[in-house]
$ cat work29.pdb   # PDB, C-alpha atoms
ATOM      1  CA  MET Z   1      30.606  37.596 -18.597
ATOM      2  CA  SER Z   2      33.834  36.708 -20.300
ATOM      3  CA  ASP Z   3      34.700  36.884 -23.978
ATOM      4  CA  SER Z   4      35.859  33.271 -23.902
ATOM      5  CA  THR Z   5      34.979  30.924 -26.689
ATOM      6  CA  PHE Z   6      34.459  27.268 -26.032
ATOM      7  CA  LEU Z   7      35.292  24.151 -27.961
ATOM      8  CA  ILE Z   8      32.357  21.764 -27.628
ATOM      9  CA  ARG Z   9      33.236  18.208 -28.579
ATOM     10  CA  LEU Z  10      31.871  14.713 -28.127
ATOM     11  CA  ALA Z  11      32.885  13.214 -24.789
ATOM     12  CA  GLU Z  12      35.698  10.689 -25.004
ATOM     13  CA  ASP Z  13      37.772   9.895 -21.917
ATOM     14  CA  ASP Z  14      35.861  12.399 -19.796
ATOM     15  CA  ASP Z  15      33.868  10.094 -17.503
ATOM     16  CA  ASP Z  16      35.579  11.221 -14.277
ATOM     17  CA  PHE Z  17      35.085  14.907 -15.128
ATOM     18  CA  ILE Z  18      31.423  14.413 -16.083
ATOM     19  CA  LEU Z  19      30.555  12.205 -13.120
ATOM     20  CA  GLY Z  20      32.390  14.595 -10.812
ATOM     21  CA  LEU Z  21      29.851  17.300 -11.680
ATOM     22  CA  VAL Z  22      26.818  15.155 -10.756
ATOM     23  CA  PRO Z  23      26.421  16.725  -7.260
ATOM     24  CA  ARG Z  24      25.738  20.047  -9.055
ATOM     25  CA  PHE Z  25      22.358  18.605 -10.106
ATOM     26  CA  VAL Z  26      21.115  18.630  -6.497
ATOM     27  CA  ASP Z  27      22.927  21.701  -5.106
ATOM     28  CA  PHE Z  28      19.681  23.436  -3.993
ATOM     29  CA  ASN Z  29      16.525  22.647  -2.022
ATOM     30  CA  LEU Z  30      14.986  19.456  -3.369
ATOM     31  CA  PRO Z  31      11.323  18.502  -2.997
ATOM     32  CA  ALA Z  32      10.762  17.122   0.516
ATOM     33  CA  TRP Z  33      10.361  13.522  -0.681
ATOM     34  CA  ARG Z  34      13.640  13.479  -2.628
ATOM     35  CA  LYS Z  35      16.813  12.339  -0.894
ATOM     36  CA  ARG Z  36      19.980  14.019  -2.155
ATOM     37  CA  HIS Z  37      22.092  10.824  -2.098
ATOM     38  CA  GLU Z  38      19.419   8.898  -4.049
ATOM     39  CA  CYS Z  39      19.255  11.610  -6.702
ATOM     40  CA  ILE Z  40      23.035  11.710  -7.022
ATOM     41  CA  GLU Z  41      23.243   7.927  -7.300
ATOM     42  CA  GLY Z  42      20.423   7.769  -9.863
ATOM     43  CA  ILE Z  43      21.924  10.503 -12.054
ATOM     44  CA  ARG Z  44      25.421   9.007 -11.769
ATOM     45  CA  LYS Z  45      24.110   5.550 -12.723
ATOM     46  CA  ASP Z  46      22.158   6.896 -15.711
ATOM     47  CA  LEU Z  47      25.064   8.994 -16.997
ATOM     48  CA  SER Z  48      27.498   6.084 -16.537
ATOM     49  CA  ARG Z  49      25.205   3.881 -18.613
ATOM     50  CA  HIS Z  50      25.077   6.461 -21.403
ATOM     51  CA  LEU Z  51      28.843   6.981 -21.319
ATOM     52  CA  ASP Z  52      29.624   3.246 -21.262
ATOM     53  CA  ASP Z  53      26.955   1.901 -23.620
ATOM     54  CA  GLN Z  54      26.640   4.920 -25.937
ATOM     55  CA  PRO Z  55      23.033   4.103 -26.885
ATOM     56  CA  SER Z  56      21.724   5.437 -30.175
ATOM     57  CA  ASN Z  57      20.126   8.874 -29.919
ATOM     58  CA  SER Z  58      22.229   9.738 -26.834
ATOM     59  CA  TYR Z  59      25.102  12.218 -27.147
ATOM     60  CA  VAL Z  60      27.369  13.653 -24.447
ATOM     61  CA  PHE Z  61      29.400  16.749 -25.261
ATOM     62  CA  VAL Z  62      32.151  18.414 -23.216
ATOM     63  CA  ALA Z  63      32.992  22.127 -23.319
ATOM     64  CA  GLU Z  64      36.608  23.279 -23.092
ATOM     65  CA  ASN Z  65      37.806  26.849 -22.645
ATOM     66  CA  ASP Z  66      40.628  28.580 -24.538
ATOM     67  CA  ASP Z  67      43.167  27.023 -22.145
ATOM     68  CA  GLY Z  68      41.933  23.485 -22.890
ATOM     69  CA  ASP Z  69      40.306  23.118 -19.460
ATOM     70  CA  ARG Z  70      37.074  21.141 -19.331
ATOM     71  CA  VAL Z  71      34.449  23.571 -18.058
ATOM     72  CA  GLY Z  72      31.085  21.809 -18.495
ATOM     73  CA  PHE Z  73      29.097  19.179 -20.315
ATOM     74  CA  ILE Z  74      25.714  18.554 -21.880
ATOM     75  CA  HIS Z  75      23.892  15.278 -22.499
ATOM     76  CA  LEU Z  76      21.432  15.364 -25.409
ATOM     77  CA  GLN Z  77      18.912  12.759 -26.411
ATOM     78  CA  LYS Z  78      16.851  12.640 -29.562
ATOM     79  CA  THR Z  79      13.281  11.864 -28.512
ATOM     80  CA  GLN Z  80       9.849  11.676 -30.119
ATOM     81  CA  ASP Z  81       7.227  14.274 -29.250
ATOM     82  CA  PHE Z  82       4.192  12.643 -27.616
ATOM     83  CA  PHE Z  83       1.722  14.992 -29.299
ATOM     84  CA  THR Z  84       3.148  15.408 -32.798
ATOM     85  CA  GLY Z  85       5.370  12.361 -33.244
ATOM     86  CA  ARG Z  86       8.130  14.645 -34.510
ATOM     87  CA  HIS Z  87      11.683  14.534 -33.203
ATOM     88  CA  ASN Z  88      12.758  16.640 -30.239
ATOM     89  CA  CYS Z  89      16.172  17.248 -28.723
ATOM     90  CA  HIS Z  90      16.021  16.686 -24.976
ATOM     91  CA  ILE Z  91      18.685  18.158 -22.719
ATOM     92  CA  SER Z  92      18.987  15.330 -20.206
ATOM     93  CA  ASP Z  93      21.867  16.850 -18.257
ATOM     94  CA  LEU Z  94      23.809  20.115 -18.304
ATOM     95  CA  ALA Z  95      26.430  21.073 -15.738
ATOM     96  CA  VAL Z  96      29.116  23.732 -15.484
ATOM     97  CA  SER Z  97      32.203  23.440 -13.308
ATOM     98  CA  PRO Z  98      31.729  25.703 -10.253
ATOM     99  CA  ARG Z  99      34.913  27.671 -10.919
ATOM    100  CA  HIS Z 100      33.748  28.451 -14.468
ATOM    101  CA  GLU Z 101      30.243  29.576 -13.569
ATOM    102  CA  GLY Z 102      29.268  32.977 -14.924
ATOM    103  CA  GLN Z 103      31.607  32.737 -17.913
ATOM    104  CA  GLY Z 104      28.972  31.832 -20.526
ATOM    105  CA  VAL Z 105      29.563  28.066 -20.479
ATOM    106  CA  GLY Z 106      25.905  27.170 -19.884
ATOM    107  CA  LYS Z 107      24.785  29.576 -22.598
ATOM    108  CA  ALA Z 108      27.311  28.091 -25.057
ATOM    109  CA  LEU Z 109      26.127  24.543 -24.257
ATOM    110  CA  ILE Z 110      22.486  25.525 -24.821
ATOM    111  CA  GLU Z 111      23.408  27.184 -28.128
ATOM    112  CA  HIS Z 112      25.187  23.961 -29.082
ATOM    113  CA  ALA Z 113      22.034  21.979 -28.242
ATOM    114  CA  GLU Z 114      19.939  24.302 -30.412
ATOM    115  CA  GLU Z 115      22.328  23.973 -33.359
ATOM    116  CA  TRP Z 116      22.414  20.179 -32.885
ATOM    117  CA  ALA Z 117      18.598  20.157 -32.820
ATOM    118  CA  ARG Z 118      18.428  22.115 -36.090
ATOM    119  CA  GLU Z 119      20.924  19.744 -37.742
ATOM    120  CA  HIS Z 120      18.820  16.758 -36.617
ATOM    121  CA  GLN Z 121      15.493  18.273 -37.756
ATOM    122  CA  CYS Z 122      14.093  18.517 -34.234
ATOM    123  CA  GLN Z 123      10.898  20.425 -33.543
ATOM    124  CA  LEU Z 124      11.706  21.430 -29.957
ATOM    125  CA  VAL Z 125      14.541  21.483 -27.466
ATOM    126  CA  THR Z 126      13.132  20.203 -24.175
ATOM    127  CA  LEU Z 127      14.455  19.780 -20.637
ATOM    128  CA  ALA Z 128      13.310  19.147 -17.091
ATOM    129  CA  VAL Z 129      14.463  21.096 -14.046
ATOM    130  CA  PHE Z 130      13.714  20.847 -10.333
ATOM    131  CA  PRO Z 131      11.582  23.801  -9.156
ATOM    132  CA  GLY Z 132      14.191  24.729  -6.524
ATOM    133  CA  ASN Z 133      17.037  24.967  -9.048
ATOM    134  CA  GLU Z 134      16.839  28.731  -9.469
ATOM    135  CA  ARG Z 135      20.295  29.005 -11.071
ATOM    136  CA  ALA Z 136      19.364  26.587 -13.869
ATOM    137  CA  LYS Z 137      15.869  28.032 -14.319
ATOM    138  CA  ALA Z 138      17.339  31.520 -14.781
ATOM    139  CA  LEU Z 139      19.761  30.196 -17.419
ATOM    140  CA  TYR Z 140      16.994  28.386 -19.303
ATOM    141  CA  GLU Z 141      14.573  31.313 -19.160
ATOM    142  CA  ALA Z 142      17.292  33.688 -20.404
ATOM    143  CA  ALA Z 143      17.819  31.284 -23.323
ATOM    144  CA  GLY Z 144      14.104  31.518 -24.218
ATOM    145  CA  PHE Z 145      12.733  28.327 -22.643
ATOM    146  CA  ASN Z 146       9.126  28.400 -21.397
ATOM    147  CA  LEU Z 147       6.909  25.938 -19.552
ATOM    148  CA  ASP Z 148       5.429  23.241 -21.765
ATOM    149  CA  LEU Z 149       4.200  20.561 -19.375
ATOM    150  CA  LEU Z 150       4.301  20.674 -15.601
ATOM    151  CA  ARG Z 151       5.082  17.362 -13.927
ATOM    152  CA  MET Z 152       3.627  17.014 -10.446
ATOM    153  CA  ALA Z 153       4.282  14.332  -7.839
ATOM    154  CA  LYS Z 154       2.844  13.163  -4.524
ATOM    155  CA  PRO Z 155       4.483  10.585  -2.282
ATOM    156  CA  VAL Z 156       2.340   7.573  -1.489
ATOM    157  CA  HIS Z 157       2.994   5.931   1.864
TER     158      HIS Z 157
END
$ encode --input "work29.pdb" --output "structure tokens"
Amino acid sequence: MSDSTFLIRLAEDDDDFILGLVPRFVDFNLPAWRKRHECIEGIRKDLSRHLDDQPSNSYVFVAENDDGDRVGFIHLQKTQDFFTGRHNCHISDLAVSPRHEGQGVGKALIEHAEEWAREHQCQLVTLAVFPGNERAKALYEAAGFNLDLLRMAKPVH
């Protein structure tokens, strides 16, 4: 772990950097019915829409290190809790540049999400993660995340 601090700012002209990290979201064993190229295309399309259209309640932040290098990003969405109706902060996407892994970037982005959630009176910070994404699951568990709902799927032929 490094002693680096990170500047976390709203994304501006960072589309190429952000979209370049999309393959990180499927860099592990996917469920058998998921095709890597379809996942990449779907995530890229969704992120592009959020970056281009900037819908309300959707915020993309970029982390920079002390040298001004972009090292990761997080996409937050303000959502409504199904059970309580209160606001939640949902981490839609979080990725760290491979060469900056292990330097505390992911932890700093999660801390930013938590602070953002407090500022926006959110009840929970939520996220979804593929079961095979052990790297991300370890990060989230270390940050205090626990299972809330378990989404299950079955292909229908």
$ resolve_selection --input "work29.pdb" --expression "the PyMOL selection byres ((chain Z and resi 122-137) around 7)" --output "number ranges by chain"
Z: 28-30, 86-92, 114, 117-118, 120-121, 138-141
$ atom_distance --input "work29.pdb" --atom1 "atom CA of Z:Val105" --atom2 "atom CA of Z:Arg24"
14.5 Å
$ atom_distance --input "work29.pdb" --atom1 "atom CA of Z:Ser58" --atom2 "atom CA of Z:Gln77"
4.5 Å
$ closest_residue --input "work29.pdb" --among "Z:His37, Z:Lys78, Z:His157, Z:Arg44" --to "Z:Trp116" --atoms "all atoms listed in the file"
Z:Lys78
$ atom_distance --input "work29.pdb" --atom1 "atom CA of Z:Arg36" --atom2 "atom CA of Z:Asp14"
23.8 Å
$ residues_near_point --input "work29.pdb" --point "(25.0, 25.5, -15.3)" --cutoff "6 Å" --atoms "only C-alpha atoms" --output "number ranges by chain"
Z: 95-96, 106, 136
$ resolve_selection --input "work29.pdb" --expression "the PyMOL selection byres ((chain Z and resi 98) around 12)" --output "PDB file with C-alpha atoms, in the frame of the given file"
ATOM      1  CA  GLY Z  20      32.390  14.595 -10.812  1.00  0.00           C
ATOM      2  CA  LEU Z  21      29.851  17.300 -11.680  1.00  0.00           C
ATOM      3  CA  VAL Z  22      26.818  15.155 -10.756  1.00  0.00           C
ATOM      4  CA  PRO Z  23      26.421  16.725  -7.260  1.00  0.00           C
ATOM      5  CA  ARG Z  24      25.738  20.047  -9.055  1.00  0.00           C
ATOM      6  CA  PHE Z  25      22.358  18.605 -10.106  1.00  0.00           C
ATOM      7  CA  ASP Z  27      22.927  21.701  -5.106  1.00  0.00           C
ATOM      8  CA  ARG Z  70      37.074  21.141 -19.331  1.00  0.00           C
ATOM      9  CA  VAL Z  71      34.449  23.571 -18.058  1.00  0.00           C
ATOM     10  CA  GLY Z  72      31.085  21.809 -18.495  1.00  0.00           C
ATOM     11  CA  ALA Z  95      26.430  21.073 -15.738  1.00  0.00           C
ATOM     12  CA  VAL Z  96      29.116  23.732 -15.484  1.00  0.00           C
ATOM     13  CA  SER Z  97      32.203  23.440 -13.308  1.00  0.00           C
ATOM     14  CA  ARG Z  99      34.913  27.671 -10.919  1.00  0.00           C
ATOM     15  CA  HIS Z 100      33.748  28.451 -14.468  1.00  0.00           C
ATOM     16  CA  GLU Z 101      30.243  29.576 -13.569  1.00  0.00           C
ATOM     17  CA  GLY Z 102      29.268  32.977 -14.924  1.00  0.00           C
ATOM     18  CA  GLN Z 103      31.607  32.737 -17.913  1.00  0.00           C
ATOM     19  CA  VAL Z 105      29.563  28.066 -20.479  1.00  0.00           C
ATOM     20  CA  GLY Z 106      25.905  27.170 -19.884  1.00  0.00           C
ATOM     21  CA  ARG Z 135      20.295  29.005 -11.071  1.00  0.00           C
TER      22      ARG Z 135
END
$ resolve_selection --input "work29.pdb" --expression "the PyMOL selection byres ((chain Z and resi 46) around 12)" --output "ChimeraX atom specification"
/Z:18-19,22,39-45,47-55,58,75,92-93
$ closest_residue --input "work29.pdb" --among "Z:Phe17, Z:Phe6, Z:Phe82, Z:Phe61" --to "Z:Ala113" --atoms "only C-alpha atoms"
Z:Phe61
$ axis_aligned_box --input "work29.pdb" --around "stretch 67-76 of chain Z" --padding-each-side "8 Å" --output "JSON"
{"center_x": 32.3, "center_y": 21.2, "center_z": -21.7, "size_x": 37.7, "size_y": 27.7, "size_z": 23.4}
$ closest_residue --input "work29.pdb" --among "Z:Val26, Z:Thr5, Z:Glu115, Z:Arg151" --to "Z:Gly68" --atoms "all atoms listed in the file"
Z:Thr5
